[in-house]
$ cat entry_26.txt   # compact mmCIF, N, CA and C atoms and all ligand atoms
# COMPACT_ATOMS: atom_id res chain seq x y z
N MET A 1 0.83 -1.20 0.00
CA MET A 1 0.00 0.00 0.00
C MET A 1 0.87 1.26 0.00
N GLN A 2 1.89 1.23 0.85
CA GLN A 2 2.77 2.40 0.94
C GLN A 2 3.56 2.59 -0.35
N VAL A 3 3.93 1.48 -1.00
CA VAL A 3 4.65 1.56 -2.27
C VAL A 3 3.76 2.20 -3.32
N LEU A 4 2.48 1.79 -3.35
CA LEU A 4 1.53 2.36 -4.30
C LEU A 4 1.36 3.86 -4.07
N LEU A 5 1.23 4.25 -2.81
CA LEU A 5 1.09 5.67 -2.47
C LEU A 5 2.33 6.47 -2.88
N SER A 6 3.49 5.90 -2.63
CA SER A 6 4.71 6.62 -2.99
C SER A 6 4.86 6.74 -4.50
N LYS A 7 4.40 5.68 -5.25
CA LYS A 7 4.44 5.77 -6.72
C LYS A 7 3.50 6.85 -7.23
N LEU A 8 2.31 6.94 -6.59
CA LEU A 8 1.35 7.97 -7.00
C LEU A 8 1.92 9.37 -6.76
N LYS A 9 2.54 9.57 -5.61
CA LYS A 9 3.11 10.88 -5.31
C LYS A 9 4.23 11.20 -6.29
N ARG A 10 5.04 10.19 -6.57
CA ARG A 10 6.15 10.43 -7.49
C ARG A 10 5.61 10.75 -8.89
N ARG A 11 4.57 10.01 -9.29
CA ARG A 11 3.98 10.25 -10.59
C ARG A 11 3.37 11.66 -10.67
N SER A 12 2.69 12.06 -9.61
CA SER A 12 2.12 13.41 -9.57
C SER A 12 3.20 14.46 -9.62
N LEU A 13 4.25 14.22 -8.89
CA LEU A 13 5.37 15.16 -8.87
C LEU A 13 6.00 15.26 -10.26
N LEU A 14 6.16 14.12 -10.92
CA LEU A 14 6.75 14.14 -12.27
C LEU A 14 5.85 14.91 -13.25
N LYS A 15 4.53 14.75 -13.10
CA LYS A 15 3.60 15.51 -13.96
C LYS A 15 3.78 17.00 -13.74
N LEU A 16 3.90 17.39 -12.48
CA LEU A 16 4.07 18.81 -12.19
C LEU A 16 5.40 19.32 -12.73
N LEU A 17 6.44 18.54 -12.58
CA LEU A 17 7.75 18.96 -13.08
C LEU A 17 7.73 19.10 -14.59
N TRP A 18 6.97 18.23 -15.27
CA TRP A 18 6.87 18.28 -16.72
C TRP A 18 6.19 19.58 -17.17
N LEU A 19 5.27 20.11 -16.34
CA LEU A 19 4.54 21.33 -16.69
C LEU A 19 5.32 22.60 -16.35
N ALA A 20 6.28 22.50 -15.47
CA ALA A 20 7.00 23.69 -15.00
C ALA A 20 7.62 24.53 -16.13
N PRO A 21 8.30 23.92 -17.11
CA PRO A 21 8.87 24.75 -18.18
C PRO A 21 7.81 25.52 -18.95
N PHE A 22 6.64 24.90 -19.14
CA PHE A 22 5.58 25.59 -19.87
C PHE A 22 5.05 26.77 -19.07
N ALA A 23 4.96 26.60 -17.77
CA ALA A 23 4.51 27.71 -16.92
C ALA A 23 5.50 28.86 -17.01
N ALA A 24 6.80 28.55 -17.02
CA ALA A 24 7.81 29.60 -17.12
C ALA A 24 7.73 30.28 -18.48
N LEU A 25 7.55 29.48 -19.55
CA LEU A 25 7.44 30.05 -20.90
C LEU A 25 6.22 30.96 -21.01
N TYR A 26 5.10 30.53 -20.44
CA TYR A 26 3.86 31.31 -20.49
C TYR A 26 4.10 32.71 -19.93
N LYS A 27 4.84 32.77 -18.84
CA LYS A 27 5.12 34.06 -18.19
C LYS A 27 5.82 35.02 -19.15
N TYR A 28 6.73 34.50 -19.98
CA TYR A 28 7.51 35.37 -20.85
C TYR A 28 6.89 35.57 -22.23
N LEU A 29 6.03 34.64 -22.66
CA LEU A 29 5.46 34.75 -24.01
C LEU A 29 4.19 35.58 -24.05
N ILE A 30 3.46 35.64 -22.97
CA ILE A 30 2.21 36.39 -22.94
C ILE A 30 2.54 37.84 -22.57
N PRO A 31 2.12 38.79 -23.42
CA PRO A 31 2.42 40.19 -23.12
C PRO A 31 1.83 40.61 -21.77
N LYS A 32 2.58 41.45 -21.10
CA LYS A 32 2.16 41.88 -19.78
C LYS A 32 1.35 43.17 -19.88
N VAL A 33 0.21 43.07 -20.48
CA VAL A 33 -0.66 44.24 -20.60
C VAL A 33 -1.71 44.13 -19.51
N LYS A 34 -1.69 45.07 -18.61
CA LYS A 34 -2.70 45.08 -17.58
C LYS A 34 -3.89 45.83 -18.14
N LYS A 35 -4.93 45.10 -18.43
CA LYS A 35 -6.09 45.70 -19.09
C LYS A 35 -6.79 46.73 -18.22
N GLU A 36 -6.50 46.76 -16.93
CA GLU A 36 -7.16 47.76 -16.09
C GLU A 36 -6.43 49.10 -16.15
N ASN A 37 -5.20 49.13 -16.70
CA ASN A 37 -4.46 50.37 -16.82
C ASN A 37 -4.64 50.93 -18.22
N PHE A 38 -5.64 51.75 -18.36
CA PHE A 38 -5.90 52.31 -19.68
C PHE A 38 -6.37 53.75 -19.55
N ILE A 39 -6.28 54.47 -20.67
CA ILE A 39 -6.88 55.78 -20.75
C ILE A 39 -7.82 55.78 -21.94
N SER A 40 -8.85 56.56 -21.85
CA SER A 40 -9.85 56.62 -22.90
C SER A 40 -9.95 58.07 -23.38
N VAL A 41 -9.84 58.25 -24.68
CA VAL A 41 -9.91 59.59 -25.26
C VAL A 41 -10.97 59.56 -26.36
N PRO A 42 -11.90 60.49 -26.36
CA PRO A 42 -12.88 60.52 -27.46
C PRO A 42 -12.16 60.76 -28.79
N LEU A 43 -12.54 60.02 -29.81
CA LEU A 43 -11.91 60.20 -31.12
C LEU A 43 -12.08 61.63 -31.60
N ALA A 44 -13.18 62.25 -31.25
CA ALA A 44 -13.44 63.63 -31.68
C ALA A 44 -12.43 64.61 -31.08
N ALA A 45 -11.77 64.22 -29.97
CA ALA A 45 -10.79 65.12 -29.34
C ALA A 45 -9.46 65.12 -30.07
N LEU A 46 -9.21 64.09 -30.90
CA LEU A 46 -7.93 64.02 -31.61
C LEU A 46 -7.91 65.05 -32.73
N PRO A 47 -6.77 65.68 -32.94
CA PRO A 47 -6.69 66.61 -34.07
C PRO A 47 -6.84 65.85 -35.38
N PHE A 48 -7.32 66.55 -36.41
CA PHE A 48 -7.51 65.89 -37.71
C PHE A 48 -6.20 65.27 -38.18
N LYS A 49 -5.13 66.01 -37.98
CA LYS A 49 -3.81 65.53 -38.38
C LYS A 49 -2.81 66.11 -37.38
N GLY A 50 -2.16 65.25 -36.61
CA GLY A 50 -1.20 65.76 -35.63
C GLY A 50 -1.13 64.92 -34.39
N ALA A 51 -0.63 65.53 -33.33
CA ALA A 51 -0.37 64.79 -32.10
C ALA A 51 -1.29 65.25 -30.98
N TYR A 52 -1.72 64.29 -30.20
CA TYR A 52 -2.49 64.55 -28.98
C TYR A 52 -1.68 63.94 -27.84
N LEU A 53 -1.21 64.78 -26.94
CA LEU A 53 -0.35 64.30 -25.85
C LEU A 53 -1.11 64.26 -24.54
N ILE A 54 -0.92 63.18 -23.81
CA ILE A 54 -1.43 63.09 -22.44
C ILE A 54 -0.18 62.95 -21.58
N LYS A 55 0.39 64.10 -21.22
CA LYS A 55 1.72 64.10 -20.60
C LYS A 55 1.75 63.41 -19.25
N ASP A 56 0.69 63.56 -18.45
CA ASP A 56 0.74 62.92 -17.12
C ASP A 56 0.67 61.40 -17.22
N LYS A 57 0.26 60.88 -18.36
CA LYS A 57 0.25 59.42 -18.59
C LYS A 57 1.36 58.99 -19.54
N HIS A 58 2.21 59.94 -19.94
CA HIS A 58 3.36 59.66 -20.83
C HIS A 58 2.89 59.00 -22.14
N THR A 59 1.82 59.52 -22.70
CA THR A 59 1.22 58.91 -23.87
C THR A 59 1.00 59.93 -24.97
N GLY A 60 1.35 59.56 -26.18
CA GLY A 60 1.11 60.40 -27.34
C GLY A 60 0.35 59.65 -28.41
N ILE A 61 -0.70 60.27 -28.92
CA ILE A 61 -1.51 59.66 -29.98
C ILE A 61 -1.28 60.48 -31.24
N ILE A 62 -0.82 59.82 -32.28
CA ILE A 62 -0.54 60.49 -33.54
C ILE A 62 -1.59 60.06 -34.55
N LYS A 63 -2.22 61.05 -35.17
CA LYS A 63 -3.22 60.75 -36.19
C LYS A 63 -2.78 61.42 -37.48
N ASN A 64 -2.72 60.65 -38.53
CA ASN A 64 -2.38 61.22 -39.84
C ASN A 64 -3.11 60.43 -40.94
N ASN A 65 -2.72 60.65 -42.19
CA ASN A 65 -3.40 59.98 -43.29
C ASN A 65 -3.27 58.46 -43.23
N GLU A 66 -2.21 57.99 -42.60
CA GLU A 66 -1.98 56.54 -42.53
C GLU A 66 -2.74 55.88 -41.38
N GLY A 67 -3.32 56.68 -40.50
CA GLY A 67 -4.08 56.11 -39.39
C GLY A 67 -3.64 56.66 -38.06
N ILE A 68 -3.77 55.82 -37.03
CA ILE A 68 -3.46 56.23 -35.66
C ILE A 68 -2.30 55.39 -35.16
N LYS A 69 -1.38 56.07 -34.49
CA LYS A 69 -0.28 55.38 -33.81
C LYS A 69 -0.22 55.92 -32.39
N VAL A 70 0.09 55.05 -31.46
CA VAL A 70 0.13 55.46 -30.07
C VAL A 70 1.50 55.09 -29.49
N PHE A 71 2.12 56.06 -28.84
CA PHE A 71 3.46 55.86 -28.30
C PHE A 71 3.50 56.20 -26.83
N SER A 72 4.47 55.60 -26.15
CA SER A 72 4.88 56.12 -24.86
C SER A 72 5.77 57.31 -25.19
N ILE A 73 5.50 58.45 -24.57
CA ILE A 73 6.34 59.62 -24.84
C ILE A 73 7.36 59.82 -23.73
N SER A 74 7.75 58.71 -23.11
CA SER A 74 8.90 58.73 -22.20
C SER A 74 10.14 58.56 -23.06
N CYS A 75 11.06 59.48 -22.96
CA CYS A 75 12.29 59.39 -23.75
C CYS A 75 13.01 58.09 -23.41
N THR A 76 13.51 57.43 -24.44
CA THR A 76 14.18 56.15 -24.21
C THR A 76 15.61 56.33 -23.70
N HIS A 77 16.04 57.59 -23.53
CA HIS A 77 17.36 57.81 -22.93
C HIS A 77 17.24 57.68 -21.41
N LEU A 78 16.58 58.65 -20.78
CA LEU A 78 16.45 58.61 -19.32
C LEU A 78 15.03 58.87 -18.85
N GLY A 79 14.08 58.86 -19.75
CA GLY A 79 12.69 58.87 -19.34
C GLY A 79 11.98 60.21 -19.24
N CYS A 80 12.59 61.30 -19.67
CA CYS A 80 11.88 62.59 -19.65
C CYS A 80 10.67 62.53 -20.58
N VAL A 81 9.67 63.34 -20.27
CA VAL A 81 8.47 63.38 -21.11
C VAL A 81 8.74 64.27 -22.32
N LEU A 82 8.43 63.74 -23.50
CA LEU A 82 8.74 64.43 -24.76
C LEU A 82 7.70 65.49 -25.09
N ASN A 83 8.12 66.47 -25.87
CA ASN A 83 7.22 67.46 -26.45
C ASN A 83 7.13 67.17 -27.95
N VAL A 84 6.16 67.79 -28.60
CA VAL A 84 6.05 67.67 -30.05
C VAL A 84 6.26 69.06 -30.65
N GLU A 85 7.18 69.13 -31.60
CA GLU A 85 7.42 70.38 -32.33
C GLU A 85 7.73 70.02 -33.77
N ASN A 86 7.09 70.68 -34.69
CA ASN A 86 7.36 70.51 -36.12
C ASN A 86 7.42 69.03 -36.55
N ASP A 87 6.40 68.29 -36.20
CA ASP A 87 6.29 66.88 -36.56
C ASP A 87 7.45 66.04 -36.04
N LYS A 88 7.95 66.39 -34.88
CA LYS A 88 9.00 65.59 -34.23
C LYS A 88 8.75 65.58 -32.73
N PHE A 89 9.14 64.47 -32.10
CA PHE A 89 9.15 64.42 -30.64
C PHE A 89 10.51 64.92 -30.20
N ILE A 90 10.52 65.91 -29.30
CA ILE A 90 11.77 66.51 -28.83
C ILE A 90 11.87 66.27 -27.32
N CYS A 91 13.02 65.82 -26.89
CA CYS A 91 13.24 65.64 -25.45
C CYS A 91 13.82 66.94 -24.87
N PRO A 92 13.15 67.50 -23.85
CA PRO A 92 13.65 68.75 -23.27
C PRO A 92 14.88 68.55 -22.38
N CYS A 93 15.19 67.32 -22.04
CA CYS A 93 16.29 67.09 -21.08
C CYS A 93 17.66 67.10 -21.75
N HIS A 94 17.88 66.27 -22.75
CA HIS A 94 19.21 66.18 -23.37
C HIS A 94 19.14 66.28 -24.89
N GLY A 95 17.98 66.61 -25.43
CA GLY A 95 17.89 66.93 -26.84
C GLY A 95 17.67 65.80 -27.82
N SER A 96 17.31 64.62 -27.37
CA SER A 96 17.01 63.55 -28.35
C SER A 96 15.81 63.96 -29.19
N VAL A 97 15.81 63.51 -30.43
CA VAL A 97 14.72 63.81 -31.36
C VAL A 97 14.24 62.51 -31.98
N PHE A 98 12.91 62.36 -32.05
CA PHE A 98 12.28 61.18 -32.64
C PHE A 98 11.31 61.64 -33.72
N ASP A 99 11.18 60.86 -34.78
CA ASP A 99 10.15 61.20 -35.77
C ASP A 99 8.79 60.69 -35.29
N LEU A 100 7.75 60.97 -36.04
CA LEU A 100 6.41 60.59 -35.61
C LEU A 100 6.13 59.10 -35.82
N GLU A 101 7.13 58.37 -36.27
CA GLU A 101 7.05 56.90 -36.29
C GLU A 101 7.71 56.32 -35.04
N GLY A 102 8.33 57.20 -34.25
CA GLY A 102 9.00 56.78 -33.03
C GLY A 102 10.47 56.46 -33.20
N SER A 103 10.99 56.60 -34.42
CA SER A 103 12.41 56.29 -34.66
C SER A 103 13.30 57.43 -34.17
N VAL A 104 14.49 57.07 -33.73
CA VAL A 104 15.45 58.07 -33.24
C VAL A 104 16.04 58.81 -34.43
N LEU A 105 15.96 60.15 -34.39
CA LEU A 105 16.61 60.98 -35.41
C LEU A 105 17.92 61.54 -34.87
N LYS A 106 17.93 61.78 -33.55
CA LYS A 106 19.14 62.36 -32.93
C LYS A 106 19.23 61.86 -31.49
N GLY A 107 20.40 61.47 -31.07
CA GLY A 107 20.64 60.95 -29.73
C GLY A 107 20.76 62.05 -28.71
N PRO A 108 21.05 61.70 -27.50
CA PRO A 108 21.68 60.46 -27.05
C PRO A 108 20.78 59.22 -26.97
N ALA A 109 19.47 59.34 -27.10
CA ALA A 109 18.62 58.14 -27.07
C ALA A 109 19.03 57.21 -28.21
N LEU A 110 19.00 55.92 -27.95
CA LEU A 110 19.38 54.94 -28.96
C LEU A 110 18.19 54.09 -29.42
N LYS A 111 17.21 53.93 -28.55
CA LYS A 111 16.07 53.05 -28.86
C LYS A 111 14.88 53.87 -29.33
N PRO A 112 14.08 53.29 -30.23
CA PRO A 112 12.86 54.00 -30.67
C PRO A 112 11.83 54.06 -29.55
N LEU A 113 10.83 54.89 -29.75
CA LEU A 113 9.76 55.00 -28.76
C LEU A 113 8.94 53.71 -28.75
N LYS A 114 8.40 53.42 -27.59
CA LYS A 114 7.62 52.20 -27.42
C LYS A 114 6.20 52.43 -27.92
N HIS A 115 5.73 51.56 -28.80
CA HIS A 115 4.33 51.61 -29.25
C HIS A 115 3.45 51.05 -28.13
N LEU A 116 2.28 51.65 -27.97
CA LEU A 116 1.33 51.18 -26.96
C LEU A 116 0.14 50.54 -27.65
N GLU A 117 -0.41 49.52 -27.03
CA GLU A 117 -1.60 48.86 -27.57
C GLU A 117 -2.81 49.76 -27.39
N TYR A 118 -3.71 49.71 -28.35
CA TYR A 118 -4.94 50.48 -28.23
C TYR A 118 -6.05 49.79 -29.01
N LYS A 119 -7.25 50.22 -28.74
CA LYS A 119 -8.39 49.76 -29.53
C LYS A 119 -9.38 50.91 -29.62
N ILE A 120 -10.19 50.85 -30.66
CA ILE A 120 -11.24 51.85 -30.85
C ILE A 120 -12.55 51.19 -30.40
N GLU A 121 -13.26 51.88 -29.52
CA GLU A 121 -14.49 51.30 -29.00
C GLU A 121 -15.47 52.43 -28.69
N ASN A 122 -16.64 52.35 -29.25
CA ASN A 122 -17.69 53.34 -28.97
C ASN A 122 -17.21 54.78 -29.14
N GLU A 123 -16.57 55.07 -30.27
CA GLU A 123 -16.11 56.42 -30.58
C GLU A 123 -15.02 56.92 -29.63
N ASN A 124 -14.36 56.01 -28.94
CA ASN A 124 -13.24 56.38 -28.07
C ASN A 124 -12.03 55.55 -28.45
N ILE A 125 -10.86 56.11 -28.22
CA ILE A 125 -9.65 55.30 -28.35
C ILE A 125 -9.23 54.92 -26.93
N ILE A 126 -9.08 53.63 -26.73
CA ILE A 126 -8.69 53.09 -25.43
C ILE A 126 -7.22 52.70 -25.55
N VAL A 127 -6.37 53.34 -24.77
CA VAL A 127 -4.94 53.07 -24.81
C VAL A 127 -4.54 52.36 -23.54
N TYR A 128 -3.85 51.21 -23.72
CA TYR A 128 -3.37 50.45 -22.56
C TYR A 128 -1.99 50.95 -22.20
N ILE A 129 -1.87 51.47 -20.99
CA ILE A 129 -0.59 52.08 -20.57
C ILE A 129 0.11 51.21 -19.53
S1 LIG A 201 16.18 61.93 -21.26
FE1 LIG A 201 15.75 62.40 -23.29
S2 LIG A 201 17.66 62.75 -24.19
FE2 LIG A 201 18.10 62.28 -22.15

$ encode --input "entry_26.txt" --output "structure tokens"
Amino acid sequence: MQVLLSKLKRRSLLKLLWLAPFAALYKYLIPKVKKENFISVPLAALPFKGAYLIKDKHTGIIKNNEGIKVFSISCTHLGCVLNVENDKFICPCHGSVFDLEGSVLKGPALKPLKHLEYKIENENIIVYI
């Protein structure tokens, strides 16, 4: 009886160990978007063509002929909040410049701006931050 019980425990343990790598992979493969952290902006509030910045949420929404793009407007150098001037994101801290696609035009920042997930729902743009 005890042998049977110990085999069952060992078998259960082996099943759990077999699942462990998948649990670890799941953690890294599934995007970490917290759906409760979002901002909602009426589509009517967006300029016909240009940038809409929500500086306290470090979020920029760009609307142009190609559609809508949403970025984190935290500078990828050291995190200052970017401004928009002449169709460019400008960092007031050390002068990095990004185009409206989020690509670096001038350093010291090296990485492009992070795109944020969004969806359009009931005439609002919902941005996950
Ligand atoms: S924080 Fe933007 S360039 Fe340094």

$ closest_atom_pairs --input "entry_26.txt" --of "chain A" --to "ligand LIG 201 (chain A)" --cutoff "7 Å" --atoms "all atoms listed in the file" --output "tab-separated table"
residue	atom	partner	partner_atom	distance
A:Ser74	C	A:LIG201	FE1	6.8
A:Cys75	CA	A:LIG201	FE1	4.6
A:Thr76	N	A:LIG201	FE1	5.6
A:His77	C	A:LIG201	S1	4.4
A:Leu78	N	A:LIG201	S1	3.3
A:Gly79	N	A:LIG201	S1	4.0
A:Cys80	N	A:LIG201	S1	4.0
A:Val81	N	A:LIG201	S1	6.7
A:Ile90	C	A:LIG201	FE1	6.8
A:Cys91	CA	A:LIG201	FE1	4.6
A:Pro92	N	A:LIG201	FE1	5.8
A:Cys93	C	A:LIG201	FE2	4.9
A:His94	N	A:LIG201	S2	3.8
A:Gly95	N	A:LIG201	S2	4.1
A:Ser96	N	A:LIG201	S2	3.7
A:Val97	N	A:LIG201	S2	6.6
A:Gly107	C	A:LIG201	S2	5.5
A:Pro108	N	A:LIG201	S2	4.9
A:Ala109	N	A:LIG201	S2	4.8

$ write_last_selection --input "entry_26.txt" --atoms "N, CA and C atoms" --output "compact mmCIF listing (two decimals), in the frame of the given file"
# COMPACT_ATOMS: atom_id res chain seq x y z
N SER A 74 7.75 58.71 -23.11
CA SER A 74 8.90 58.73 -22.20
C SER A 74 10.14 58.56 -23.06
N CYS A 75 11.06 59.48 -22.96
CA CYS A 75 12.29 59.39 -23.75
C CYS A 75 13.01 58.09 -23.41
N THR A 76 13.51 57.43 -24.44
CA THR A 76 14.18 56.15 -24.21
C THR A 76 15.61 56.33 -23.70
N HIS A 77 16.04 57.59 -23.53
CA HIS A 77 17.36 57.81 -22.93
C HIS A 77 17.24 57.68 -21.41
N LEU A 78 16.58 58.65 -20.78
CA LEU A 78 16.45 58.61 -19.32
C LEU A 78 15.03 58.87 -18.85
N GLY A 79 14.08 58.86 -19.75
CA GLY A 79 12.69 58.87 -19.34
C GLY A 79 11.98 60.21 -19.24
N CYS A 80 12.59 61.30 -19.67
CA CYS A 80 11.88 62.59 -19.65
C CYS A 80 10.67 62.53 -20.58
N VAL A 81 9.67 63.34 -20.27
CA VAL A 81 8.47 63.38 -21.11
C VAL A 81 8.74 64.27 -22.32
N ILE A 90 10.52 65.91 -29.30
CA ILE A 90 11.77 66.51 -28.83
C ILE A 90 11.87 66.27 -27.32
N CYS A 91 13.02 65.82 -26.89
CA CYS A 91 13.24 65.64 -25.45
C CYS A 91 13.82 66.94 -24.87
N PRO A 92 13.15 67.50 -23.85
CA PRO A 92 13.65 68.75 -23.27
C PRO A 92 14.88 68.55 -22.38
N CYS A 93 15.19 67.32 -22.04
CA CYS A 93 16.29 67.09 -21.08
C CYS A 93 17.66 67.10 -21.75
N HIS A 94 17.88 66.27 -22.75
CA HIS A 94 19.21 66.18 -23.37
C HIS A 94 19.14 66.28 -24.89
N GLY A 95 17.98 66.61 -25.43
CA GLY A 95 17.89 66.93 -26.84
C GLY A 95 17.67 65.80 -27.82
N SER A 96 17.31 64.62 -27.37
CA SER A 96 17.01 63.55 -28.35
C SER A 96 15.81 63.96 -29.19
N VAL A 97 15.81 63.51 -30.43
CA VAL A 97 14.72 63.81 -31.36
C VAL A 97 14.24 62.51 -31.98
N GLY A 107 20.40 61.47 -31.07
CA GLY A 107 20.64 60.95 -29.73
C GLY A 107 20.76 62.05 -28.71
N PRO A 108 21.05 61.70 -27.50
CA PRO A 108 21.68 60.46 -27.05
C PRO A 108 20.78 59.22 -26.97
N ALA A 109 19.47 59.34 -27.10
CA ALA A 109 18.62 58.14 -27.07
C ALA A 109 19.03 57.21 -28.21

$ residues_near_point --input "entry_26.txt" --point "(-7.2, 58.5, -25.8)" --cutoff "6 Å" --atoms "all atoms listed in the file" --output "mmCIF file with N, CA and C atoms, in the coordinates of the input"
data_model
loop_
_atom_site.group_PDB
_atom_site.id
_atom_site.type_symbol
_atom_site.label_atom_id
_atom_site.label_comp_id
_atom_site.auth_asym_id
_atom_site.auth_seq_id
_atom_site.Cartn_x
_atom_site.Cartn_y
_atom_site.Cartn_z
ATOM 1 N N ILE A 39 -6.280 54.470 -20.670
ATOM 2 C CA ILE A 39 -6.880 55.780 -20.750
ATOM 3 C C ILE A 39 -7.820 55.780 -21.940
ATOM 4 N N SER A 40 -8.850 56.560 -21.850
ATOM 5 C CA SER A 40 -9.850 56.620 -22.900
ATOM 6 C C SER A 40 -9.950 58.070 -23.380
ATOM 7 N N VAL A 41 -9.840 58.250 -24.680
ATOM 8 C CA VAL A 41 -9.910 59.590 -25.260
ATOM 9 C C VAL A 41 -10.970 59.560 -26.360
ATOM 10 N N PRO A 42 -11.900 60.490 -26.360
ATOM 11 C CA PRO A 42 -12.880 60.520 -27.460
ATOM 12 C C PRO A 42 -12.160 60.760 -28.790
ATOM 13 N N ILE A 125 -10.860 56.110 -28.220
ATOM 14 C CA ILE A 125 -9.650 55.300 -28.350
ATOM 15 C C ILE A 125 -9.230 54.920 -26.930
ATOM 16 N N ILE A 126 -9.080 53.630 -26.730
ATOM 17 C CA ILE A 126 -8.690 53.090 -25.430
ATOM 18 C C ILE A 126 -7.220 52.700 -25.550
ATOM 19 N N VAL A 127 -6.370 53.340 -24.770
ATOM 20 C CA VAL A 127 -4.940 53.070 -24.810
ATOM 21 C C VAL A 127 -4.540 52.360 -23.540
#

$ atom_distance --input "entry_26.txt" --atom1 "atom C of Leu100 (chain A)" --atom2 "atom C of Leu29 (chain A)"
26.4 Å

$ closest_residue --input "entry_26.txt" --among "A:His115, A:Lys63, A:Arg10, A:Lys15" --to "Leu43 (chain A)" --atoms "only C-alpha atoms"
A:Lys63

$ closest_residue --input "entry_26.txt" --among "A:Lys57, A:Lys9, A:Lys88, A:Lys114" --to "Ser72 (chain A)" --atoms "only C-alpha atoms"
A:Lys114

$ atom_distance --input "entry_26.txt" --atom1 "CA of Ile68 (chain A)" --atom2 "CA of Asn124 (chain A)"
12.4 Å

$ atom_distance --input "entry_26.txt" --atom1 "CA of Lys49 (chain A)" --atom2 "CA of Asn37 (chain A)"
26.4 Å
